[in-house]
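The next block is final_17.cif, given as mmCIF, C-alpha atoms.
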data_query
#
loop_
_atom_site.label_atom_id
_atom_site.label_comp_id
_atom_site.auth_asym_id
_atom_site.auth_seq_id
_atom_site.Cartn_x
_atom_site.Cartn_y
_atom_site.Cartn_z
CA MET P 558 17.32 133.34 239.48
CA ALA P 559 15.69 130.98 242.00
CA GLY P 560 12.76 129.08 240.61
CA GLY P 561 13.69 130.03 237.03
CA VAL P 562 12.91 127.49 234.28
CA HIS P 563 15.35 126.93 231.40
CA SER P 564 14.11 125.57 228.07
CA GLN P 565 16.01 122.70 226.46
CA PRO P 566 17.94 123.77 223.32
CA GLU P 567 16.03 122.51 220.32
CA ILE P 568 17.28 119.69 218.10
CA GLN P 569 15.05 119.47 215.06
CA ILE P 570 14.22 116.13 213.46
CA GLN P 571 13.75 116.29 209.71
CA VAL P 572 12.55 113.67 207.25
CA HIS P 573 14.80 112.91 204.30
CA SER P 574 13.82 110.80 201.29
CA ARG P 575 16.26 107.97 200.64
CA LYS P 576 16.31 104.56 198.94
CA GLY P 577 12.65 104.65 198.03
CA GLY P 578 11.64 105.39 201.65
CA ASN P 579 12.26 108.02 204.27
CA SER P 580 14.98 108.41 206.84
CA VAL P 581 14.95 110.98 209.60
CA TYR P 582 17.94 112.87 210.87
CA PRO P 583 18.54 115.75 213.30
CA VAL P 584 19.66 119.30 212.60
CA GLU P 585 20.73 121.95 215.06
CA PRO P 586 19.73 125.62 215.14
CA SER P 587 22.19 127.99 213.53
CA THR P 588 24.12 130.08 216.05
CA THR P 589 23.32 133.17 214.02
CA THR P 590 19.65 132.95 214.95
CA THR P 591 18.56 134.52 218.21
CA ALA P 592 15.26 134.28 219.98
CA SER P 593 15.01 138.05 220.24
CA SER P 594 15.39 138.64 216.54
CA GLY P 595 11.94 137.39 215.82
CA GLY P 596 13.11 136.26 212.39
CA PRO P 597 12.80 132.81 210.86
CA ALA P 598 14.95 130.05 212.35
CA PHE P 599 17.75 128.65 210.19
CA TYR P 600 19.03 125.12 210.73
CA ARG P 601 22.18 123.34 209.71
CA GLU P 602 22.96 119.65 209.51
CA ILE P 603 25.02 118.30 212.38
CA LYS P 604 28.36 116.63 211.77
CA HIS P 605 27.20 113.01 212.13
CA PHE P 606 24.47 113.43 209.48
CA LYS P 607 26.05 115.91 207.06
CA LYS P 608 25.66 115.61 203.30
CA TRP P 609 28.81 115.06 201.23
CA PHE P 610 29.60 116.19 197.72
CA PRO P 611 30.04 112.99 195.65
CA TRP P 612 33.26 113.10 193.63
CA LEU P 613 34.95 109.73 194.25
CA ILE P 614 32.34 107.53 192.53
CA PRO P 615 32.37 109.67 189.34
CA SER P 616 36.17 109.44 189.48
CA PHE P 617 35.91 105.65 189.65
CA VAL P 618 33.70 105.73 186.55
CA ILE P 619 36.26 107.84 184.69
CA VAL P 620 39.07 105.45 185.70
CA ASN P 621 37.08 102.46 184.44
CA VAL P 622 36.31 104.13 181.10
CA VAL P 623 39.93 105.23 180.58
CA THR P 624 41.17 101.74 181.49
CA PHE P 625 38.81 100.23 178.90
CA LEU P 626 40.10 102.60 176.21
CA VAL P 627 43.70 101.71 177.08
CA THR P 628 42.77 98.01 176.94
CA MET P 629 41.28 98.43 173.47
CA TYR P 630 44.39 100.32 172.34
CA VAL P 631 46.60 97.49 173.57
CA ASN P 632 44.26 94.92 171.99
CA ASN P 633 44.82 96.33 168.47
CA CYS P 634 42.41 93.94 166.77
CA PRO P 635 43.47 94.68 163.13
CA HIS P 636 47.03 93.65 163.96
CA ASN P 637 46.25 90.59 166.06
CA SER P 638 43.09 89.14 164.46
CA VAL P 639 42.00 88.07 161.00
CA SER P 640 38.67 89.92 161.24
CA CYS P 641 37.33 92.69 163.49
CA TYR P 642 33.99 94.33 164.19
CA ALA P 643 33.66 98.10 163.58
CA GLY P 644 36.92 98.18 161.65
CA PHE P 645 36.55 101.92 161.03
CA LEU P 646 37.69 102.40 164.65
CA GLY P 647 41.18 101.24 163.70
CA ARG P 648 43.12 99.71 166.52
CA PHE P 649 40.14 100.41 168.83
CA SER P 650 37.91 98.05 166.81
CA PHE P 651 36.36 95.05 168.57
CA GLN P 652 37.02 91.34 168.41
CA PRO P 653 34.54 89.36 166.25
CA PHE P 654 31.15 88.59 167.83
CA SER P 655 31.94 84.89 167.77
CA GLU P 656 34.89 85.55 170.06
CA ASN P 657 33.54 88.38 172.24
CA PRO P 658 29.81 89.26 171.92
CA LEU P 659 30.21 92.09 174.47
CA LEU P 660 32.06 94.33 171.95
CA GLY P 661 35.46 94.23 173.57
CA PRO P 662 39.02 92.92 173.52
CA SER P 663 40.38 89.38 173.41
CA SER P 664 40.88 87.29 176.53
CA THR P 665 44.62 87.42 175.83
CA THR P 666 44.60 91.21 176.11
CA LEU P 667 42.51 91.14 179.28
CA GLU P 668 44.93 88.68 180.83
CA LYS P 669 47.83 90.93 179.84
CA MET P 670 46.11 93.94 181.42
CA GLY P 671 45.55 92.24 184.79
CA ALA P 672 42.49 89.96 184.61
CA LEU P 673 41.97 87.50 187.44
CA ASP P 674 43.83 84.33 186.47
CA VAL P 675 44.07 81.96 189.42
CA ASN P 676 47.08 80.09 188.02
CA LYS P 677 49.06 83.31 187.78
CA VAL P 678 47.91 84.45 191.23
CA VAL P 679 48.95 81.20 192.92
CA ARG P 680 51.88 79.91 190.90
CA GLU P 681 53.43 83.20 189.82
CA HIS P 682 52.50 85.11 193.00
CA GLN P 683 50.56 87.81 191.13
CA GLY P 684 48.16 88.60 193.95
CA TRP P 685 47.66 92.11 192.59
CA ARG P 686 45.30 90.60 190.01
CA LEU P 687 42.67 90.31 192.76
CA ILE P 688 42.47 94.13 192.65
CA THR P 689 43.28 95.00 189.02
CA CYS P 690 40.58 92.71 187.61
CA MET P 691 37.86 94.93 189.09
CA TRP P 692 38.94 97.85 186.88
CA LEU P 693 38.76 95.85 183.64
CA HIS P 694 35.68 95.04 181.54
CA GLY P 695 34.96 92.48 178.87
CA GLY P 696 33.27 94.90 176.47
CA VAL P 697 31.20 98.01 175.89
CA PHE P 698 27.97 96.38 177.10
CA HIS P 699 29.69 95.11 180.24
CA LEU P 700 31.18 98.54 180.94
CA LEU P 701 27.95 100.47 180.39
CA ALA P 702 25.88 98.18 182.62
CA ASN P 703 28.36 98.38 185.49
CA MET P 704 29.05 102.11 185.28
CA LEU P 705 25.36 103.06 185.17
CA SER P 706 24.74 100.89 188.23
CA LEU P 707 27.75 102.40 189.98
CA LEU P 708 26.51 105.93 189.40
CA VAL P 709 22.98 105.15 190.63
CA ILE P 710 24.05 103.26 193.77
CA GLY P 711 27.44 104.77 194.55
CA ILE P 712 26.63 108.48 194.34
CA ARG P 713 23.70 108.06 196.72
CA LEU P 714 25.86 106.24 199.28
CA GLU P 715 28.78 108.67 198.94
CA ARG P 716 26.46 111.63 199.49
CA GLU P 717 25.22 110.04 202.71
CA PHE P 718 28.44 108.62 204.16
CA GLY P 719 31.37 110.37 202.47
CA PHE P 720 34.12 109.34 200.08
CA VAL P 721 36.41 107.68 202.65
CA ARG P 722 33.97 105.07 203.94
CA ILE P 723 32.38 104.33 200.56
CA GLY P 724 35.73 104.24 198.77
CA VAL P 725 37.23 101.77 201.25
CA LEU P 726 34.03 99.70 201.23
CA TYR P 727 34.07 99.55 197.41
CA ILE P 728 37.68 98.33 197.22
CA ILE P 729 37.39 95.75 200.02
CA ALA P 730 34.09 94.40 198.67
CA GLY P 731 35.65 94.10 195.21
CA LEU P 732 38.56 92.19 196.75
CA GLY P 733 36.08 89.92 198.51
CA GLY P 734 34.32 89.21 195.22
CA SER P 735 37.60 88.41 193.47
CA LEU P 736 38.72 86.16 196.32
CA PHE P 737 35.49 84.15 196.40
CA SER P 738 35.56 83.81 192.61
CA ALA P 739 39.18 82.59 192.67
CA LEU P 740 38.28 79.81 195.09
CA PHE P 741 35.80 78.33 192.59
CA ILE P 742 36.79 79.38 189.06
CA LYS P 743 40.19 77.89 188.25
CA SER P 744 40.31 77.57 184.47
CA ASN P 745 38.96 80.90 183.17
CA ILE P 746 39.83 84.55 183.63
CA SER P 747 37.46 87.00 185.32
CA VAL P 748 37.08 90.78 185.00
CA GLY P 749 34.59 93.45 186.03
CA ALA P 750 33.47 95.78 188.80
CA SER P 751 30.42 93.65 189.59
CA GLY P 752 31.84 92.30 192.85
CA ALA P 753 32.39 95.82 194.17
CA LEU P 754 28.95 96.90 192.91
CA PHE P 755 27.25 94.03 194.71
CA GLY P 756 29.24 95.08 197.77
CA LEU P 757 27.60 98.51 197.63
CA LEU P 758 24.22 96.83 197.20
CA GLY P 759 24.87 94.60 200.20
CA SER P 760 25.97 97.58 202.29
CA MET P 761 22.66 99.32 201.53
CA LEU P 762 20.84 96.37 203.06
CA SER P 763 23.01 96.19 206.19
CA GLU P 764 22.88 99.98 206.62
CA LEU P 765 19.10 99.78 206.66
CA ILE P 766 19.23 97.04 209.30
CA ILE P 767 21.80 98.61 211.63
CA ASN P 768 20.14 102.06 211.42
CA TRP P 769 16.64 100.61 211.54
CA THR P 770 15.21 103.15 214.01
CA ILE P 771 15.86 106.22 211.84
CA TYR P 772 13.79 105.02 208.88
CA ALA P 773 10.17 105.55 208.02
CA ASN P 774 8.45 103.04 205.70
CA LYS P 775 11.24 100.62 206.62
CA ILE P 776 9.35 97.45 205.64
CA ALA P 777 8.67 98.80 202.14
CA VAL P 778 12.32 99.83 201.76
CA LEU P 779 13.52 96.42 202.95
CA ALA P 780 11.19 94.58 200.58
CA THR P 781 12.34 96.73 197.64
CA LEU P 782 16.01 96.10 198.39
CA VAL P 783 15.51 92.35 198.76
CA VAL P 784 13.69 92.14 195.41
CA ILE P 785 16.46 94.10 193.66
CA ILE P 786 19.14 91.87 195.18
CA ILE P 787 17.33 88.65 194.22
CA ILE P 788 16.85 89.81 190.63
CA ASN P 789 20.51 90.77 190.25
CA LEU P 790 21.76 87.50 191.74
CA ALA P 791 19.37 85.58 189.48
CA VAL P 792 20.92 87.23 186.41
CA GLY P 793 24.23 85.75 187.57
CA LEU P 794 22.85 82.25 186.90
CA LEU P 795 23.23 82.88 183.15
CA PRO P 796 26.31 81.42 181.42
CA HIS P 797 29.52 83.47 181.12
CA VAL P 798 28.61 85.54 184.19
CA ASP P 799 30.82 85.24 187.28
CA ASN P 800 28.15 84.98 189.97
CA PHE P 801 30.76 83.87 192.50
CA ALA P 802 32.21 87.39 192.33
CA HIS P 803 28.70 88.78 192.80
CA ILE P 804 28.06 86.61 195.86
CA GLY P 805 31.47 87.25 197.41
CA GLY P 806 31.16 90.99 196.85
CA PHE P 807 27.62 91.08 198.24
CA VAL P 808 28.50 89.19 201.43
CA SER P 809 31.62 91.33 201.95
CA GLY P 810 29.67 94.55 201.41
CA PHE P 811 26.85 93.35 203.67
CA LEU P 812 29.27 92.80 206.56
CA LEU P 813 31.25 95.97 205.80
CA GLY P 814 28.03 97.99 205.92
CA PHE P 815 27.56 97.03 209.58
CA VAL P 816 31.12 98.19 210.30
CA PHE P 817 31.35 101.40 208.23
CA LEU P 818 27.79 102.72 207.92
CA ILE P 819 26.61 102.67 211.53
CA ARG P 820 24.94 105.91 212.72
CA PRO P 821 24.61 107.25 216.29
CA GLN P 822 21.23 107.35 218.01
CA PHE P 823 19.21 110.57 218.10
CA GLY P 824 19.19 110.65 221.91
CA TRP P 825 22.99 110.76 222.00
CA VAL P 826 23.09 113.37 219.22
CA SER P 827 20.59 115.61 221.02
CA GLN P 828 22.56 115.34 224.24
CA ARG P 829 25.88 116.05 222.52
CA TYR P 830 24.66 119.23 220.83
CA ALA P 831 22.67 120.52 223.78
CA SER P 832 24.27 122.84 226.33
CA ARG P 833 25.93 121.03 229.23
CA ALA P 834 23.69 122.96 231.61
CA TYR P 835 20.73 121.05 230.25
CA SER P 836 22.35 117.60 230.16
CA THR P 837 20.65 114.90 232.16
CA SER P 838 21.70 111.25 232.31
CA ALA P 839 24.30 110.12 229.76
CA LYS P 840 22.88 108.27 226.77
CA PRO P 841 24.82 105.67 224.77
CA LYS P 842 26.01 106.60 221.29
CA PHE P 843 24.87 103.28 219.83
CA LYS P 844 22.21 100.78 220.82
CA MET P 845 23.20 97.34 222.02
CA TYR P 846 22.02 95.58 218.84
CA GLN P 847 24.18 97.95 216.76
CA MET P 848 27.29 97.12 218.77
CA VAL P 849 26.61 93.38 218.55
CA LEU P 850 26.23 93.58 214.76
CA TRP P 851 29.39 95.71 214.50
CA VAL P 852 31.54 93.29 216.52
CA VAL P 853 30.18 90.11 214.90
CA SER P 854 30.59 91.54 211.38
CA LEU P 855 34.16 92.66 212.03
CA ILE P 856 35.10 89.21 213.36
CA LEU P 857 33.48 87.46 210.38
CA LEU P 858 35.28 89.77 207.93
CA ILE P 859 38.69 89.08 209.50
CA ILE P 860 38.08 85.32 209.60
CA GLY P 861 36.63 85.22 206.08
CA PHE P 862 39.38 87.19 204.34
CA THR P 863 42.18 85.47 206.26
CA SER P 864 40.91 81.93 205.61
CA GLY P 865 40.08 82.79 201.99
CA LEU P 866 43.57 84.09 201.24
CA VAL P 867 45.19 81.11 202.94
CA MET P 868 43.07 78.64 200.95
CA LEU P 869 43.72 80.51 197.68
CA PHE P 870 47.51 80.51 197.97
CA ARG P 871 47.46 76.87 199.06
CA GLY P 872 45.68 76.03 195.82
CA VAL P 873 42.40 74.90 197.40
CA ASP P 874 39.54 74.33 194.95
CA LEU P 875 36.24 74.66 196.82
CA ASN P 876 34.47 72.72 194.07
CA ASP P 877 36.16 69.61 195.49
CA HIS P 878 34.38 70.20 198.80
CA CYS P 879 31.03 71.34 197.40
CA SER P 880 29.62 69.29 194.53
CA TRP P 881 26.63 71.57 193.95
CA CYS P 882 28.22 75.01 194.37
CA HIS P 883 28.87 75.41 190.64
CA TYR P 884 25.11 75.86 190.22
CA MET P 885 25.39 79.16 192.11
CA SER P 886 27.20 80.66 189.11
CA CYS P 887 25.42 78.99 186.21
CA LEU P 888 22.20 76.99 186.10
CA PRO P 889 22.08 74.76 182.97
CA THR P 890 18.83 74.63 181.00
CA SER P 891 17.67 73.31 177.63
CA ARG P 892 18.50 76.73 176.14
CA TRP P 893 22.13 77.03 177.23
CA SER P 894 25.07 75.06 178.51
CA CYS P 895 27.28 75.89 181.46
CA ASN P 896 30.38 74.27 179.97
CA THR P 897 33.16 76.81 180.48
CA GLU P 898 36.20 74.68 179.74
CA PRO P 899 39.01 76.74 178.19
CA VAL P 900 39.43 76.22 174.46
CA SER P 901 42.62 74.82 172.95
CA CYS P 902 43.71 73.96 169.42
CA MET P 903 46.34 71.97 167.58
CA SER P 904 48.07 74.14 164.98
CA GLU P 905 50.03 73.19 161.88
CA GLN P 906 51.86 75.73 159.72
CA THR P 907 52.72 74.76 156.12
CA SER P 908 54.03 77.45 153.80
CA ASN P 909 51.40 80.22 153.82
CA GLN P 910 48.66 78.12 155.39
CA LEU P 911 47.72 77.64 159.03
CA THR P 912 45.53 74.66 159.98
CA LEU P 913 43.79 74.66 163.34
CA THR P 914 41.99 71.75 164.98
CA CYS P 915 39.84 72.46 168.03
CA SER P 916 40.69 70.02 170.80
CA ASN P 917 37.22 70.42 172.34
CA SER P 918 35.10 69.70 169.23
CA ASN P 919 37.62 68.32 166.66
CA LYS P 920 36.52 70.99 164.17
CA THR P 921 39.24 71.90 161.65
CA ARG P 922 39.78 75.00 159.54
CA THR P 923 42.58 76.23 157.29
CA TYR P 924 43.63 79.90 157.06
CA SER P 925 45.84 81.65 154.55
CA LEU P 926 48.39 83.09 156.96
CA SER P 927 52.16 83.18 157.14
CA ASN P 928 53.94 83.48 160.48
CA PRO P 929 50.85 84.50 162.52
CA SER P 930 51.41 85.82 166.03
CA THR P 931 50.50 83.76 169.09
CA SER P 932 47.65 86.12 169.98
CA LYS P 933 46.23 85.83 166.45
CA ILE P 934 46.30 82.02 166.63
CA GLN P 935 44.62 82.13 170.01
CA GLY P 936 41.87 84.40 168.70
CA LEU P 937 41.24 82.12 165.71
CA CYS P 938 41.13 79.12 168.03
CA THR P 939 38.49 80.79 170.19
CA GLN P 940 36.34 81.56 167.14
CA LEU P 941 36.71 78.01 165.81
CA CYS P 942 35.81 76.28 169.07
CA ARG P 943 32.78 78.47 169.75
#
Represent the structure contained in this file as structure tokens.
Amino acid sequence: MAGGVHSQPEIQIQVHSRKGGNSVYPVEPSTTTTASSGGPAFYREIKHFKKWFPWLIPSFVIVNVVTFLVTMYVNNCPHNSVSCYAGFLGRFSFQPFSENPLLGPSSTTLEKMGALDVNKVVREHQGWRLITCMWLHGGVFHLLANMLSLLVIGIRLEREFGFVRIGVLYIIAGLGGSLFSALFIKSNISVGASGALFGLLGSMLSELIINWTIYANKIAVLATLVVIIIINLAVGLLPHVDNFAHIGGFVSGFLLGFVFLIRPQFGWVSQRYASRAYSTSAKPKFKMYQMVLWVVSLILLIIGFTSGLVMLFRGVDLNDHCSWCHYMSCLPTSRWSCNTEPVSCMSEQTSNQLTLTCSNSNKTRTYSLSNPSTSKIQGLCTQLCR
């Protein structure tokens, strides 16, 4: 009808609490609601902002717990060590506190199960250890801390962005953490999901930045995230914590967040879900700053992972090119030392007696043992030297 006026189909904007602040996202009217019905309007989330049911992150937690139980079964402390903690657990009992204060297996068992050992990765071409190490943990305390953090951070991200993007981000960030660690730590093994966890933490920060316009209270959210990140990285300055894996995972996750967690702008969403009869000028799906961050991050990820892998398999030790970088993983104080040299012992077997001498401290001890296994000698050596 000439002179008739059509109303623009309504795209509602709702506020959704997230990460200590608020984000806003659009919903569209349900097609079952009609203007003539006079009833209440019902709205549904549009595809680009739908909520997902989180199942992958809980599955990751289950895999980590099962892997730890298998590791303890393989460890079999009563058979491979002179003494064990919580002996009533049988072969699931823990190594002595002097050897592993985290309530867990021996380093020999962890290495057997797939811990990150740079010598084996480079010289024996066991690159798979860059992935398997992120599913292993040094003890009960280590496992509990990581799994609780994974549930808190991971479920929230999976609900917002789905299992595919968060699952891929978790694995690649974990690989990035392992790779960065391997370029610095050459003489010790490394295990844990911390690199992947810091990747999720880094992706939360980059997601906030690249989707800046959809957040309310954005400054407060940013400040909270930065404080959490600083505290967690500061904990990595303690001895026996692989902060290189934390840093590598965080940087990888931060860049991956720009690539995987980008959201379209509301103007484009409103135009897409409105009737074509009401469409005006075409609006871009993403803002220019989003596209710049996406492209730059993708390029940096490709360059970083490629150069890192090349340096690793060429045997490059980044400590030779950075004299101060070791302080990023451990900061020595009057209360603790950052000496992480691997322990070694001289052994002498006479009749039913085994004598060990620690090469690091020259301490000597004699044990009443006949034909002890290699793993048992190694465990005794670790206890003696520490």
Quick one, how far is CA of Ala750 in chain P from CA of Ile688 in chain P? 9.9 Å
Residue IDs satisfying the PyMOL selection byres ((chain P and resi 625) around 9), as a short mmCIF file (atom, residue, chain, number, x, y, z; two decimals) with C-alpha atoms, in the frame of the given file:
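Resulting contents of expr_2.cif:
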data_model
loop_
_atom_site.label_atom_id
_atom_site.label_comp_id
_atom_site.auth_asym_id
_atom_site.auth_seq_id
_atom_site.Cartn_x
_atom_site.Cartn_y
_atom_site.Cartn_z
CA VAL P 620 39.07 105.45 185.70
CA ASN P 621 37.08 102.46 184.44
CA VAL P 622 36.31 104.13 181.10
CA VAL P 623 39.93 105.23 180.58
CA THR P 624 41.17 101.74 181.49
CA LEU P 626 40.10 102.60 176.21
CA VAL P 627 43.70 101.71 177.08
CA THR P 628 42.77 98.01 176.94
CA MET P 629 41.28 98.43 173.47
CA TYR P 630 44.39 100.32 172.34
CA GLY P 661 35.46 94.23 173.57
CA TRP P 692 38.94 97.85 186.88
CA LEU P 693 38.76 95.85 183.64
CA HIS P 694 35.68 95.04 181.54
CA GLY P 695 34.96 92.48 178.87
CA GLY P 696 33.27 94.90 176.47
CA VAL P 697 31.20 98.01 175.89
CA LEU P 700 31.18 98.54 180.94
#
When the PyMOL selection byres ((chain P and resi 811) around 8) is applied to the file above, which residues end up in the set, as a VMD selection string? chain P and resid 756 to 763 807 to 810 812 to 815
Report as JSON, numbers by chain the full result of the PyMOL selection byres ((chain P and resi 917) around 8) when it is applied to this structure. {"P": [900, 901, 902, 915, 916, 918, 919, 942]}
Might you pull out every residue within 12 Å of Ile819 in chain P, with all atoms listed in the file counted and same-chain residues fewer than 4 positions away left off, and present them as a PyMOL selection string? chain P and resi 605-606+717-718+722+760-761+763-771+812-815+842-844+846-852+854
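Between Ile712 in chain P and the candidates P:Leu613, P:Cys882, P:Leu732, P:Ile787, the tightest atom-to-atom separation, counting all atoms listed in the file, involves P:Leu613.
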Straight-line distance linking CA of Gly824 in chain P with CA of Leu855 in chain P, stated in Å to one decimal: 25.4 Å
Nearest-residue call for Gly647 in chain P, choices P:Ile804, P:Ala839, P:Val631, P:Leu795, using all atoms listed in the file: P:Val631
Interatomic distance (Å, one decimal) between CA of Gly806 in chain P and CA of Gly733 in chain P: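 Rounded to one decimal, the two atoms are 5.3 Å apart.
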Shell around Thr665 in chain P at 8 Å using only C-alpha atoms, local window under 4 positions removed, as a VMD selection string: chain P and resid 669 932 935
Measuring between all atoms listed in the file, which one of P:Phe741, P:Phe817, P:Phe755, P:Trp609 shows the shortest distance to Glu715 in chain P?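 Going through P:Phe741, P:Phe817, P:Phe755, P:Trp609 one by one, the smallest distance to Glu715 in chain P is for P:Trp609.
Residue nearest Leu926 in chain P within the list P:Thr666, P:Asn745, P:Thr890, P:Thr907: P:Thr907 [criterion: smallest interatomic distance, all atoms listed in the file].
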Surrounding residues of Gly805 in chain P excluding itself and chain neighbours under 6 positions, 8 Å, all atoms listed in the file, as a list of chain:residue names: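 With the cut-off at 8 Å, the set is P:Ala730, P:Gly733, P:Gly734, P:Ser735, P:Leu736, P:Phe737, P:Ser738, P:Gly752.
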Please list, as an MDAnalysis selection string, the residues that have an atom at most 12 Å away from (49.4, 77.7, 161.4) in the coordinates of this file, counting only C-alpha atoms. chainID P and resid 902:914 921:931 933:935 937:938
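Residues with any atom within 6 Å of the point (35.2, 94.9, 168.3), counting all atoms listed in the file, are Cys641, Tyr642, Ala643, Ser650, Phe651, Gln652, Pro653, Leu660 and Gly661 of chain P.
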Which neighbours of Asn876 in chain P fall inside 10 Å, counting all atoms listed in the file, when residues of the same chain fewer than 3 positions from it are skipped, and could you give them as a ChimeraX atom specification? /P:740-743,873,879-883
Residues within 9 Å of Gly936 in chain P, please, as number ranges by chain. Count only C-alpha atoms; anything in the same chain fewer than 6 positions from it doesn't count. P: 637-639, 652, 656, 663-665
With distances taken over all atoms listed in the file, which residue among P:Leu687, P:Pro821, P:Val748, P:Leu707 lies nearest Pro662 in chain P? P:Val748
